Amino acid sequence: MLPRTRFEAEVLPHLNAGYNLARWLARDVHDADDVVQEACVRALRYIDSLRPGSARSWFLTIVRHAYYDWCKANRPAELVHDAQDLLETMADPMATVDAEPSALPKADACTLAEAVNSLSLPLREALVLRELEELSYKEIAHIQGVPIGTVMSRLARARASLQGRSRQIKICRESASGRV
Amino acid sequence: MNCNTAIERLSPYVDGELHGLRRILLVRHMRTCVLCAARMEELQRLRSRLRSELPRHRASAQLQVRVQSLIASSSSAGAPNRAAPRRPAPRWPWLAAGAIAGSAATLATLLVFNLVVSRIAAQDVVSEAVADHVQATLSQRLIEVASSDQHTVKPWFSARLDYSPPVQDLASEGFALVGGRLETLHGERVATLVYRHRLHMIDVFVRPLPAAAAKEPRSLRGFNVAHASGGGMDFLAVSDVNADVLGAFVARLAAGSSAR
């Protein structure tokens with residue numbers, strides 16, 4: 001089968017999933033477009049490495065790599081969290097369930113989406129893959145290239161951090177609706 | 001189990017990723033610890049809020065056009081090159097030439113290989129579909145969205161899949177729609193429509209074309225399997241109903257959805 005035929009048949013159905021991930025990672029419409037386009041270039045090039053039935057997580061992995069490469073060039077600061085996260089989780093995967101300051105959403109996050117957007121990159125990524133793409137821990141571990149224990153810890157920390165903010169979000173929403 | 005351990009395990013528990021003894025111990029702990037039970041409920045609430053409130057972003061028409069032009073510009077030999085609108089890839093003419101020569105030589109082999117692979121894949125899908133049907137029947141988990149109303153079932157799928165399967169109720173023809181659920185075939189999530197025909201339950205797995213599936217009616221472990229396609233979708237029906245009836249039914253479904 002031709003690469004483009006395979007791409008159209010197996011990868012294209014997951015374009016929206018790939019875009020959703022890119023958009024949550026990049027937090028910007030145009031950057032997400034560029035990342036997905038680059039991911040498609042790579043997917044076409046490496047289509048031979050796609051095993052049947054795994055197109056979704058295969059493409060999501062490529063989107064993620066494309067984003068990280070894009071980040072290195074455009075937003076290196078974004079990747080600093082990753083190194084921190086890695087050190088913490090390598091030391092003790094389950095010891096960091098309490099939200100540490102770096103994982104706390106910004107105080108001006110008024111909606112749940114904004115709170116998610118202010119999570120650090122690895123936490124945001126794990127959360128989106130779990131809650132929106134409904135992937136298993138094993139699949140997320142594969143995509144993020146970390147042990148399952150790290151995925152578990154990232155999700156727990158992301159949620160603890162969002163819960164910590166949910167009261168504030170509620171207050172925020174009430175005052176916003178009061179204004180209208 | 002103490003509360004600290006329980007708190008650590010709540011998150012994997014609500015994800016369905018806590019197994020065996022750890023799960024049993026946590027459930028037992030929550031029966032006696034009101035605080036942890038409340039924590040678990042709070043976590044569940046957060047999860048359902050995340051799922052309902054977070055936007056699922058979709059590729060814009062503009063991006064789709066960009067991707068389409070990428071596909072169009074990928075050469076038939078397979079080295080996607082040049083005309084990516086905003087990101088020109090490096091040109092490797094020697095590679096493209098080599099790839100064309102190589103692909104001509106191996107094309108015949110590849111064709112045969114693909115035929116064999118797709119036949120094996122088709123058998124896999126059929127046996128997976130039958131296994132799904134059996135498991136769902138045994139565990140009484142046949143239906144995740146119970147409704148005979150196609151306008152309820154269709155949006156339920158649309159919200160959970162990246163395609164929207166055609167949903168028809170053929171009650172007047174003896175096949176009543178009773179609901180639907182999600183199944184996994186070949187690692188992909190697939191819309192599964194559940195129909196009742198007299199005392200029999202029928203599962204119809206609906207996937208976007210193309211899908212490598214068996215074309216001929218066949219049976220496996222006493223269940224009949226029938227296949228048809230139409231309206232850009234692939235329909236795979238599994239049931240203990242008579243093979244002829246099942247074949248006619250799935251053909252009727254496919255014809256009905258391509259007529260729309």
# chains A, B, ... in the order shown; residues from 1 in each chain; ligands from 1
>>> residues_around(residues="stretch 175-191 of chain B", least_positions_apart="4", cutoff="6 Å", atoms="only C-alpha atoms", output="PyMOL selection string")
(chain A and resi 53) or (chain B and resi 143-148+169-171+195-197+205-206)
>>> interface_residues(of="chain A", to="chain B", cutoff="8 Å", atoms="only C-alpha atoms", output="PyMOL selection string")
chain A and resi 1-4+9+13-17+19-20+23+33+37-38+40-41+44-45+52-54+56+94+97+112-113+131-132+136-137+152+155-156+159+163
>>> atom_distance(atom1="atom CA of B:Gly174", atom2="atom CA of B:Asp203")
14.9 Å
>>> atom_distance(atom1="atom CA of A:Arg27", atom2="atom CA of A:Ile62")
17.7 Å
